[in-house]
Amino acid sequence: MKTRRIEKINLLSATPGVETYLTVVRYGGHNEGRSGAQTNTQENTQDNRQRPPKVYLQAGLHADEWPGILALNHLQILLDAADAKGNIVGEIVLLPYANPMGMAQFLKGYHIGRFDFDMTGNFNRDYVDLANWAVDEVSLQLTENKLDNQQRIRKVFADKLNAYQPSLAIDYLKKQLLLLSFDSDYVLDLHCDTKSILHLYCNQRQQTQGELLAACLDCDLVLLEDDPGCIGFDIAGAGAWWKLSDLLKQRGIESPVGMPCFSSTVELRGQGDVDDVINAQDAANLYRYLVQIGVVQDEDVGLIAAQTASVPAQSISKLLTAVDTIIAPSAGLVVYKKALGEAVKAGDVVAELIDITQPPSASPRIPLVANADGIVFTQITNNLVRPGHTVVKIVGDTPLTYRQGNLLAF
Ligand SMILES: [Zn+2]
């Protein structure tokens, strides 16, 4: 029996006569609460999970980032086939587009989907702080049983989210995204950069799981966050667990809580990388991950050996504090001297800034140099820059002293 259901969630209308809604594609999930489902990841196997895994995937939260939208379009074809064979073991919630409000933001023919036109800022910032909301009630309910605690905490999270009455349409959207995802075991938020190699973000507490996801996606770079200094979508759900755990410890409560939700922001290269072949392969890789974590059964998909804690950190994982952001010191036109993915040394010229108000003979180009050894992993497409604009990011092995505070400021 096919399990796929398509749902429509109406959002708060911000404009008279304009309806916005989310389309939610659901697979599986009819056996909620059954015991014995196994996953193939070390951490979740150790959790002795008592329910089938739930996976949440969304694309286009930054509404002008479309490779993930195409990847999820392809992924639905694979999931439909698995569903027809009865191979969806757990629950999959898939949002083909996560931000219809951002998708509507065209200005004079140009689409701008990263920041809200209505002044609330970046669509992937300022989500609610579930841990702080829940800690008072949770602290009165905990037992010595971790799974029991997790069930109680999810109930408190759900109650808090349902009681939340945002007044702004954008906050209503953020609430709906969290309601759909907060109780997931795995949350994948598909984004892209301006120009970039494939990379993903995860919390450093979940490095092993991040590397497993990277292996499935053929991704060579995992950026490890501790506290990025803001509550993005990926932190709002998964991060609530370790933040809650920390808050409880501050109150002297050591009851087991665990980290039952792994989340990752996956950057599917650059905005121009909407490619039917490449994104179909991304979908196949995402499907491989779903098989790997046990939410889909497919014997034709090869599994990757799970990492163990004793395995030393792979070189693909880098700290977010080791990302060197090269800033334009003045206005001008940027040209690149190093390619995406290229290894550079400290002091190498990675780009040059041209002052186009002066003839070349009177104004030498300003060299923009790497502060540390690393790999060039993002560049920009708007080469006409203003002072303070980030023009290239390089990731190395060593934390940089100037990388503090809000590490995802832009
Ligand atoms: Zn994004």
# chains A, B, ... in the order shown; residues from 1 in each chain; ligands from 1
call {"tool": "residues_around", "arguments": {"residues": "Gln150 in chain A", "least_positions_apart": "6", "cutoff": "8 Å", "atoms": "only C-alpha atoms", "output": "JSON, numbers by chain"}}
result
{"A": [257, 258, 260]}
call {"tool": "write_last_selection", "arguments": {"atoms": "C-alpha atoms", "output": "CSV table (one decimal), in the first residue's frame"}}
result
chain,number,residue,atom,x,y,z
A,257,VAL,CA,18.4,13.6,27.7
A,258,GLY,CA,20.6,12.7,24.7
A,260,PRO,CA,18.0,12.4,19.4
call {"tool": "select_by_dssp", "arguments": {"residues": "range 86-279 of chain A", "states": "strand (DSSP E)", "output": "count of residues only"}}
result
41
call {"tool": "residues_around", "arguments": {"residues": "Ser13 in chain A", "least_positions_apart": "3", "cutoff": "12 Å", "atoms": "only C-alpha atoms", "output": "PyMOL selection string"}}
result
chain A and resi 9-10+16-21+100-101+167-173
call {"tool": "write_last_selection", "arguments": {"atoms": "all heavy atoms", "output": "compact mmCIF listing (two decimals), in the first residue's frame"}}
result
# COMPACT_ATOMS: atom_id res chain seq x y z
N ILE A 9 -0.52 23.29 3.74
CA ILE A 9 -0.60 24.05 4.99
C ILE A 9 -0.71 25.53 4.63
O ILE A 9 0.22 26.12 4.07
CB ILE A 9 0.64 23.82 5.87
CG1 ILE A 9 0.70 22.35 6.31
CG2 ILE A 9 0.62 24.74 7.08
CD1 ILE A 9 1.89 22.02 7.17
N ASN A 10 -1.85 26.11 4.94
CA ASN A 10 -2.03 27.53 4.67
C ASN A 10 -1.21 28.36 5.64
O ASN A 10 -1.17 28.08 6.84
CB ASN A 10 -3.51 27.90 4.78
CG ASN A 10 -4.31 27.38 3.61
OD1 ASN A 10 -3.89 27.50 2.46
ND2 ASN A 10 -5.45 26.77 3.89
N PRO A 16 -3.93 41.17 1.58
CA PRO A 16 -5.30 40.81 1.21
C PRO A 16 -5.36 40.23 -0.20
O PRO A 16 -4.77 40.79 -1.13
CB PRO A 16 -6.05 42.15 1.29
CG PRO A 16 -5.25 42.97 2.24
CD PRO A 16 -3.82 42.57 2.02
N GLY A 17 -6.03 39.12 -0.33
CA GLY A 17 -6.18 38.51 -1.65
C GLY A 17 -5.03 37.61 -2.07
O GLY A 17 -5.08 37.02 -3.14
N VAL A 18 -4.00 37.53 -1.24
CA VAL A 18 -2.85 36.69 -1.59
C VAL A 18 -2.76 35.52 -0.61
O VAL A 18 -2.57 35.72 0.60
CB VAL A 18 -1.53 37.49 -1.57
CG1 VAL A 18 -0.35 36.57 -1.85
CG2 VAL A 18 -1.59 38.63 -2.58
N GLU A 19 -2.90 34.33 -1.15
CA GLU A 19 -2.79 33.13 -0.32
C GLU A 19 -1.39 32.54 -0.49
O GLU A 19 -0.88 32.47 -1.60
CB GLU A 19 -3.83 32.10 -0.78
CG GLU A 19 -3.76 30.77 -0.05
CD GLU A 19 -4.57 29.68 -0.74
OE1 GLU A 19 -4.31 29.40 -1.93
OE2 GLU A 19 -5.45 29.11 -0.08
N THR A 20 -0.77 32.15 0.61
CA THR A 20 0.49 31.42 0.52
C THR A 20 0.33 30.12 1.29
O THR A 20 -0.39 30.05 2.29
CB THR A 20 1.67 32.21 1.12
OG1 THR A 20 1.31 32.71 2.40
CG2 THR A 20 2.10 33.34 0.22
N TYR A 21 0.98 29.09 0.80
CA TYR A 21 0.86 27.80 1.47
C TYR A 21 2.10 26.96 1.24
O TYR A 21 2.85 27.16 0.28
CB TYR A 21 -0.39 27.05 1.00
CG TYR A 21 -0.43 26.73 -0.47
CD1 TYR A 21 0.08 25.53 -0.96
CD2 TYR A 21 -0.97 27.64 -1.38
CE1 TYR A 21 0.03 25.23 -2.31
CE2 TYR A 21 -1.02 27.36 -2.74
CZ TYR A 21 -0.51 26.15 -3.20
OH TYR A 21 -0.54 25.87 -4.53
N PRO A 100 7.57 30.06 0.44
CA PRO A 100 6.82 30.69 -0.66
C PRO A 100 6.82 32.21 -0.57
O PRO A 100 6.72 32.89 -1.59
CB PRO A 100 5.41 30.11 -0.50
CG PRO A 100 5.33 29.64 0.91
CD PRO A 100 6.72 29.22 1.28
N MET A 101 6.95 32.74 0.63
CA MET A 101 6.98 34.20 0.77
C MET A 101 8.25 34.75 0.14
O MET A 101 8.23 35.76 -0.57
CB MET A 101 6.89 34.57 2.25
CG MET A 101 5.58 34.10 2.87
SD MET A 101 5.61 34.11 4.65
CE MET A 101 5.72 35.86 4.94
N SER A 167 2.76 37.13 15.46
CA SER A 167 1.93 38.12 14.78
C SER A 167 2.40 38.35 13.35
O SER A 167 1.60 38.72 12.49
CB SER A 167 1.94 39.44 15.56
OG SER A 167 3.27 39.87 15.78
N LEU A 168 3.67 38.13 13.08
CA LEU A 168 4.18 38.37 11.73
C LEU A 168 4.02 37.12 10.87
O LEU A 168 4.22 35.99 11.33
CB LEU A 168 5.66 38.74 11.77
CG LEU A 168 6.02 40.08 12.43
CD1 LEU A 168 7.53 40.25 12.48
CD2 LEU A 168 5.38 41.24 11.68
N ALA A 169 3.71 37.34 9.60
CA ALA A 169 3.53 36.21 8.69
C ALA A 169 4.81 35.38 8.58
O ALA A 169 4.76 34.15 8.51
CB ALA A 169 3.10 36.72 7.31
N ILE A 170 5.96 36.03 8.59
CA ILE A 170 7.21 35.28 8.44
C ILE A 170 7.46 34.40 9.67
O ILE A 170 7.95 33.27 9.56
CB ILE A 170 8.41 36.22 8.16
CG1 ILE A 170 9.66 35.42 7.86
CG2 ILE A 170 8.64 37.17 9.31
CD1 ILE A 170 9.56 34.54 6.66
N ASP A 171 7.09 34.92 10.85
CA ASP A 171 7.26 34.10 12.05
C ASP A 171 6.28 32.93 12.07
O ASP A 171 6.57 31.87 12.61
CB ASP A 171 7.10 34.96 13.31
CG ASP A 171 8.28 35.91 13.49
OD1 ASP A 171 9.37 35.59 12.98
OD2 ASP A 171 8.10 36.97 14.12
N TYR A 172 5.12 33.14 11.46
CA TYR A 172 4.17 32.04 11.33
C TYR A 172 4.74 30.94 10.44
O TYR A 172 4.62 29.74 10.73
CB TYR A 172 2.85 32.57 10.76
CG TYR A 172 1.73 31.56 10.78
CD1 TYR A 172 0.92 31.42 11.91
CD2 TYR A 172 1.48 30.74 9.68
CE1 TYR A 172 -0.10 30.48 11.93
CE2 TYR A 172 0.47 29.80 9.70
CZ TYR A 172 -0.33 29.68 10.83
OH TYR A 172 -1.33 28.74 10.85
N LEU A 173 5.40 31.36 9.35
CA LEU A 173 6.07 30.36 8.48
C LEU A 173 7.13 29.60 9.27
O LEU A 173 7.20 28.37 9.22
CB LEU A 173 6.72 31.07 7.28
CG LEU A 173 7.69 30.20 6.47
CD1 LEU A 173 6.96 29.08 5.74
CD2 LEU A 173 8.47 31.06 5.46
call {"tool": "closest_residue", "arguments": {"among": "A:Gln58, A:Thr398, A:Gln209, A:Thr3", "to": "ligand 1", "atoms": "only C-alpha atoms and all ligand atoms"}}
result
A:Gln58
call {"tool": "residues_around", "arguments": {"residues": "Asn99 in chain A", "least_positions_apart": "3", "cutoff": "9 Å", "atoms": "only C-alpha atoms", "output": "number ranges by chain"}}
result
A: 21-22, 59-63, 102-104, 113, 123, 173
call {"tool": "closest_residue", "arguments": {"among": "A:Gln281, A:Gln165, A:Thr15, A:Asn122", "to": "ligand 1", "atoms": "only C-alpha atoms and all ligand atoms"}}
result
A:Asn122
call {"tool": "residues_near_ligand", "arguments": {"ligand": "ligand 1", "cutoff": "7 Å", "atoms": "only C-alpha atoms and all ligand atoms", "output": "PyMOL selection string"}}
result
chain A and resi 61-62+65+114+191-193
call {"tool": "atom_distance", "arguments": {"atom1": "CA of Gln379 in chain A", "atom2": "CA of Ala339 in chain A"}}
result
8.9 Å
call {"tool": "atom_distance", "arguments": {"atom1": "CA of Asp136 in chain A", "atom2": "CA of Phe157 in chain A"}}
result
11.7 Å
call {"tool": "residues_around", "arguments": {"residues": "Thr357 in chain A", "least_positions_apart": "6", "cutoff": "12 Å", "atoms": "only C-alpha atoms", "output": "ChimeraX atom specification"}}
result
/A:330-333,363-365
call {"tool": "residues_around", "arguments": {"residues": "range 216-232 of chain A", "least_positions_apart": "4", "cutoff": "7 Å", "atoms": "only C-alpha atoms", "output": "list in words"}}
result
Asn124, Arg125, Asp126, Tyr127, Leu198, His199, Leu200, Tyr201, Cys202, Asn203, Gln204, Gly210, Glu211, Leu212, Ala236, Asp282, Asn285, Leu286, Arg288, Tyr289, Ile316, Ser317, Lys318, Leu319, Leu320, Gly405, Asn406, Leu407 and Leu408 of chain A
call {"tool": "closest_residue", "arguments": {"among": "A:Leu384, A:Leu180, A:Lys195, A:Gln141", "to": "Val25 in chain A", "atoms": "only C-alpha atoms"}}
result
A:Leu180
